[in-house]
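**Student:** Here you go, my_file_15.cif (mmCIF, N, CA and C atoms):
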```cif
data_target
#
loop_
_atom_site.label_atom_id
_atom_site.label_comp_id
_atom_site.auth_asym_id
_atom_site.auth_seq_id
_atom_site.Cartn_x
_atom_site.Cartn_y
_atom_site.Cartn_z
N MET O 161 6.36 28.05 -7.76
CA MET O 161 5.52 26.92 -8.11
C MET O 161 4.09 27.43 -8.20
N SER O 162 3.39 26.97 -9.23
CA SER O 162 1.99 27.33 -9.41
C SER O 162 1.09 26.39 -8.63
N SER O 163 -0.10 26.90 -8.32
CA SER O 163 -1.08 26.09 -7.60
C SER O 163 -2.23 25.78 -8.54
N LEU O 164 -2.82 24.59 -8.37
CA LEU O 164 -3.91 24.15 -9.23
C LEU O 164 -4.96 23.48 -8.36
N ASN O 165 -6.21 23.89 -8.51
CA ASN O 165 -7.31 23.25 -7.80
C ASN O 165 -7.92 22.23 -8.73
N LEU O 166 -7.99 20.98 -8.30
CA LEU O 166 -8.40 19.89 -9.17
C LEU O 166 -9.54 19.11 -8.53
N SER O 167 -10.61 18.89 -9.27
CA SER O 167 -11.72 18.06 -8.81
C SER O 167 -11.61 16.71 -9.50
N LEU O 168 -11.70 15.64 -8.71
CA LEU O 168 -11.58 14.28 -9.25
C LEU O 168 -12.82 13.48 -8.89
N PRO O 169 -13.22 12.57 -9.77
CA PRO O 169 -14.29 11.65 -9.40
C PRO O 169 -13.84 10.83 -8.19
N GLU O 170 -14.78 10.46 -7.36
CA GLU O 170 -14.47 9.75 -6.11
C GLU O 170 -13.61 8.50 -6.30
N PRO O 171 -13.90 7.63 -7.30
CA PRO O 171 -13.05 6.43 -7.46
C PRO O 171 -11.59 6.78 -7.77
N ILE O 172 -11.38 7.82 -8.56
CA ILE O 172 -10.00 8.22 -8.88
C ILE O 172 -9.33 8.81 -7.64
N ALA O 173 -10.04 9.62 -6.88
CA ALA O 173 -9.48 10.20 -5.66
C ALA O 173 -9.11 9.11 -4.66
N GLU O 174 -9.96 8.13 -4.50
CA GLU O 174 -9.68 7.03 -3.57
C GLU O 174 -8.47 6.22 -4.04
N ALA O 175 -8.40 5.96 -5.35
CA ALA O 175 -7.26 5.22 -5.89
C ALA O 175 -5.97 6.01 -5.71
N LEU O 176 -6.03 7.31 -5.86
CA LEU O 176 -4.87 8.18 -5.68
C LEU O 176 -4.36 8.11 -4.25
N VAL O 177 -5.26 8.18 -3.29
CA VAL O 177 -4.87 8.10 -1.89
C VAL O 177 -4.29 6.72 -1.58
N ALA O 178 -4.91 5.66 -2.09
CA ALA O 178 -4.42 4.30 -1.85
C ALA O 178 -3.03 4.11 -2.46
N TYR O 179 -2.82 4.63 -3.65
CA TYR O 179 -1.53 4.52 -4.31
C TYR O 179 -0.45 5.20 -3.47
N GLY O 180 -0.73 6.41 -3.03
CA GLY O 180 0.23 7.14 -2.21
C GLY O 180 0.50 6.43 -0.89
N ARG O 181 -0.55 5.91 -0.25
CA ARG O 181 -0.39 5.20 1.02
C ARG O 181 0.48 3.96 0.84
N ASP O 182 0.25 3.20 -0.24
CA ASP O 182 1.03 1.99 -0.49
C ASP O 182 2.50 2.28 -0.73
N ARG O 183 2.81 3.45 -1.21
CA ARG O 183 4.19 3.81 -1.51
C ARG O 183 4.80 4.76 -0.49
N GLY O 184 4.07 5.03 0.58
CA GLY O 184 4.60 5.90 1.63
C GLY O 184 4.65 7.36 1.26
N ILE O 185 3.81 7.78 0.33
CA ILE O 185 3.74 9.18 -0.09
C ILE O 185 2.56 9.81 0.63
N GLU O 186 2.84 10.81 1.46
CA GLU O 186 1.79 11.39 2.29
C GLU O 186 0.85 12.30 1.52
N SER O 187 1.36 13.00 0.53
CA SER O 187 0.55 14.00 -0.17
C SER O 187 0.09 13.48 -1.54
N PRO O 188 -1.23 13.45 -1.76
CA PRO O 188 -1.71 13.09 -3.10
C PRO O 188 -1.17 14.03 -4.18
N ALA O 189 -0.87 15.26 -3.79
CA ALA O 189 -0.32 16.22 -4.75
C ALA O 189 1.01 15.75 -5.31
N GLU O 190 1.82 15.08 -4.48
CA GLU O 190 3.11 14.56 -4.96
C GLU O 190 2.90 13.48 -6.02
N VAL O 191 1.89 12.64 -5.81
CA VAL O 191 1.59 11.57 -6.78
C VAL O 191 1.13 12.19 -8.09
N VAL O 192 0.23 13.18 -8.00
CA VAL O 192 -0.28 13.84 -9.21
C VAL O 192 0.85 14.55 -9.94
N GLN O 193 1.73 15.23 -9.20
CA GLN O 193 2.84 15.95 -9.83
C GLN O 193 3.77 14.98 -10.55
N ALA O 194 4.11 13.87 -9.93
CA ALA O 194 5.00 12.89 -10.57
C ALA O 194 4.35 12.28 -11.81
N ALA O 195 3.05 11.99 -11.72
CA ALA O 195 2.34 11.40 -12.86
C ALA O 195 2.26 12.39 -14.02
N LEU O 196 1.97 13.65 -13.72
CA LEU O 196 1.90 14.67 -14.78
C LEU O 196 3.27 14.89 -15.41
N GLU O 197 4.30 14.90 -14.60
CA GLU O 197 5.65 15.09 -15.13
C GLU O 197 6.01 13.95 -16.08
N ALA O 198 5.74 12.71 -15.68
CA ALA O 198 6.04 11.57 -16.54
C ALA O 198 5.24 11.63 -17.84
N PHE O 199 3.97 11.99 -17.74
CA PHE O 199 3.11 12.07 -18.92
C PHE O 199 3.61 13.17 -19.87
N LEU O 200 3.91 14.34 -19.34
CA LEU O 200 4.35 15.46 -20.20
C LEU O 200 5.72 15.19 -20.81
N LEU O 201 6.58 14.49 -20.10
CA LEU O 201 7.87 14.09 -20.69
C LEU O 201 7.64 13.14 -21.85
N GLN O 202 6.76 12.16 -21.64
CA GLN O 202 6.47 11.16 -22.67
C GLN O 202 5.86 11.81 -23.91
N GLN O 203 5.02 12.80 -23.72
CA GLN O 203 4.34 13.45 -24.83
C GLN O 203 5.20 14.52 -25.51
N GLY O 204 6.35 14.83 -24.93
CA GLY O 204 7.26 15.80 -25.53
C GLY O 204 6.96 17.24 -25.17
N TYR O 205 6.15 17.48 -24.14
CA TYR O 205 5.81 18.84 -23.74
C TYR O 205 6.69 19.36 -22.61
N LEU O 206 7.51 18.51 -22.06
CA LEU O 206 8.38 18.90 -20.97
C LEU O 206 9.78 18.41 -21.31
N ALA O 207 10.73 19.32 -21.20
CA ALA O 207 12.11 18.94 -21.52
C ALA O 207 12.67 18.07 -20.41
N SER O 208 13.34 17.01 -20.80
CA SER O 208 13.95 16.14 -19.80
C SER O 208 15.25 16.75 -19.31
N SER O 209 15.70 16.28 -18.18
CA SER O 209 16.97 16.76 -17.66
C SER O 209 18.08 16.27 -18.58
N PRO O 210 19.21 16.96 -18.59
CA PRO O 210 20.29 16.53 -19.48
C PRO O 210 20.69 15.09 -19.17
N PRO O 211 21.01 14.33 -20.21
CA PRO O 211 21.38 12.93 -19.98
C PRO O 211 22.65 12.82 -19.14
N LYS O 212 22.68 11.80 -18.31
CA LYS O 212 23.87 11.57 -17.50
C LYS O 212 24.95 10.96 -18.38
N ARG O 213 26.19 11.26 -18.04
CA ARG O 213 27.31 10.70 -18.80
C ARG O 213 27.40 9.21 -18.56
N VAL O 214 27.59 8.48 -19.62
CA VAL O 214 27.74 7.03 -19.53
C VAL O 214 29.22 6.70 -19.45
N ARG O 215 29.56 5.94 -18.46
CA ARG O 215 30.96 5.52 -18.32
C ARG O 215 31.06 4.06 -18.76
N LEU O 216 31.85 3.82 -19.77
CA LEU O 216 32.02 2.47 -20.29
C LEU O 216 33.31 1.88 -19.73
N THR O 217 33.20 0.67 -19.24
CA THR O 217 34.37 -0.03 -18.73
C THR O 217 34.72 -1.13 -19.74
N PRO O 218 35.94 -1.12 -20.24
CA PRO O 218 36.30 -2.14 -21.23
C PRO O 218 36.33 -3.53 -20.60
N CYS O 219 36.00 -4.52 -21.41
CA CYS O 219 36.03 -5.91 -20.97
C CYS O 219 37.47 -6.36 -20.80
N SER O 220 37.65 -7.27 -19.87
CA SER O 220 38.99 -7.82 -19.69
C SER O 220 39.30 -8.85 -20.77
N GLN O 221 38.23 -9.44 -21.36
CA GLN O 221 38.41 -10.45 -22.40
C GLN O 221 37.60 -10.01 -23.62
N GLY O 222 38.17 -10.09 -24.79
CA GLY O 222 37.48 -9.71 -26.01
C GLY O 222 36.49 -10.76 -26.48
N SER O 223 35.81 -10.46 -27.58
CA SER O 223 34.80 -11.36 -28.12
C SER O 223 35.42 -12.49 -28.94
N GLY O 224 36.66 -12.31 -29.35
CA GLY O 224 37.30 -13.31 -30.20
C GLY O 224 37.21 -12.92 -31.67
N PHE O 225 36.40 -11.94 -32.00
CA PHE O 225 36.30 -11.45 -33.37
C PHE O 225 37.29 -10.31 -33.56
N LYS O 226 37.88 -10.22 -34.75
CA LYS O 226 38.82 -9.15 -35.03
C LYS O 226 38.15 -7.98 -35.74
N ASP O 227 36.92 -8.19 -36.21
CA ASP O 227 36.24 -7.15 -36.99
C ASP O 227 34.92 -6.69 -36.35
N THR O 228 34.84 -6.76 -35.03
CA THR O 228 33.59 -6.44 -34.34
C THR O 228 33.12 -5.02 -34.63
N SER O 229 34.03 -4.05 -34.65
CA SER O 229 33.61 -2.67 -34.86
C SER O 229 33.01 -2.45 -36.25
N ALA O 230 33.46 -3.20 -37.21
CA ALA O 230 32.95 -3.04 -38.58
C ALA O 230 31.71 -3.90 -38.82
N ASN O 231 31.63 -5.06 -38.20
CA ASN O 231 30.53 -6.00 -38.47
C ASN O 231 29.70 -6.31 -37.22
N HIS O 232 29.52 -5.33 -36.35
CA HIS O 232 28.83 -5.59 -35.08
C HIS O 232 27.41 -6.09 -35.26
N ASP O 233 26.68 -5.60 -36.26
CA ASP O 233 25.30 -6.06 -36.46
C ASP O 233 25.25 -7.55 -36.79
N ALA O 234 26.11 -7.99 -37.68
CA ALA O 234 26.13 -9.40 -38.06
C ALA O 234 26.57 -10.28 -36.89
N ILE O 235 27.53 -9.81 -36.12
CA ILE O 235 28.02 -10.59 -34.99
C ILE O 235 26.94 -10.71 -33.92
N LEU O 236 26.26 -9.61 -33.62
CA LEU O 236 25.16 -9.66 -32.64
C LEU O 236 24.01 -10.52 -33.13
N ALA O 237 23.68 -10.41 -34.39
CA ALA O 237 22.59 -11.23 -34.94
C ALA O 237 22.94 -12.71 -34.82
N GLU O 238 24.19 -13.06 -35.12
CA GLU O 238 24.62 -14.46 -35.01
C GLU O 238 24.55 -14.93 -33.56
N ALA O 239 24.97 -14.09 -32.63
CA ALA O 239 24.95 -14.46 -31.21
C ALA O 239 23.51 -14.67 -30.74
N ILE O 240 22.61 -13.81 -31.15
CA ILE O 240 21.20 -13.95 -30.77
C ILE O 240 20.61 -15.20 -31.39
N PHE O 241 20.95 -15.46 -32.65
CA PHE O 241 20.45 -16.64 -33.35
C PHE O 241 20.90 -17.91 -32.64
N VAL O 242 22.16 -17.95 -32.26
CA VAL O 242 22.71 -19.13 -31.59
C VAL O 242 22.05 -19.31 -30.22
N GLN O 243 21.81 -18.22 -29.50
CA GLN O 243 21.20 -18.31 -28.18
C GLN O 243 19.74 -18.69 -28.23
N SER O 244 19.09 -18.53 -29.39
CA SER O 244 17.66 -18.84 -29.48
C SER O 244 17.38 -20.34 -29.51
N PHE O 245 18.42 -21.14 -29.75
CA PHE O 245 18.26 -22.59 -29.76
C PHE O 245 18.53 -23.14 -28.37
N PRO O 246 17.75 -24.15 -27.96
CA PRO O 246 18.00 -24.74 -26.63
C PRO O 246 19.37 -25.40 -26.59
N GLN O 247 20.03 -25.25 -25.46
CA GLN O 247 21.34 -25.85 -25.27
C GLN O 247 21.15 -27.30 -24.83
N GLU O 248 21.96 -28.18 -25.36
CA GLU O 248 21.86 -29.60 -25.02
C GLU O 248 22.78 -29.95 -23.89
#
```
Represent the structure from my file as structure tokens, please.
**Tutor:**
Amino acid sequence: MSSLNLSLPEPIAEALVAYGRDRGIESPAEVVQAALEAFLLQQGYLASSPPKRVRLTPCSQGSGFKDTSANHDAILAEAIFVQSFPQE
């Protein structure tokens, strides 16, 4: 692990300590490391960990449509449209 000496303006340093204290993080360095990691991931400069496998569990009851796999966009759009109206 590399070491970095960082100077911060007083308001940012105080906010950093308060943030860590509120979340039970003793070291401001841990907060800075997590924030930098999130930022670099978002900007595309840090490779993310491999995605976790998604396990799909089939429904016990179907949707009632026989062509869902072929027309899923239309079926979802219709369901969203119907749900957007208040129920009486």
**Student:** Contacts of range 188-190 of chain O at 10 Å or less, counting only C-alpha atoms, minus same-chain residues fewer than 5 places along, as an MDAnalysis selection string?
**Tutor:** chainID O and resid 164 166 173 176:181 195:196
**Student:** As JSON, numbers by chain, which residues of chain O does DSSP assign to alpha helix (DSSP H)?
**Tutor:** {"O": [170, 171, 172, 173, 174, 175, 176, 177, 178, 179, 180, 181, 182, 188, 189, 190, 191, 192, 193, 194, 195, 196, 197, 198, 199, 200, 201, 202, 203, 232, 233, 234, 235, 236, 237, 238, 239, 240, 241, 242, 243]}
**Student:** Between atom N of Pro218 in chain O and CA of Ser244 in chain O, measure the distance and give it in Å to one decimal.
**Tutor:**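 So the answer is 27.1 Å.
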**Student:** What's the 12 Å shell around Phe225 in chain O, counting only C-alpha atoms, without same-chain residues fewer than 4 positions away, as a PyMOL selection string?
**Tutor:** chain O and resi 221+229-232+234-236+239
**Student:** Please enclose the listed atoms of range 225-242 of chain O in an axis-aligned box, pad each side by 6 Å, and write out the centre and the three edge lengths in Å, rounded to one decimal, as JSON.
**Tutor:**
```
{"center_x": 29.6, "center_y": -10.9, "center_z": -34.5, "size_x": 30.4, "size_y": 28.9, "size_z": 20.6}
```
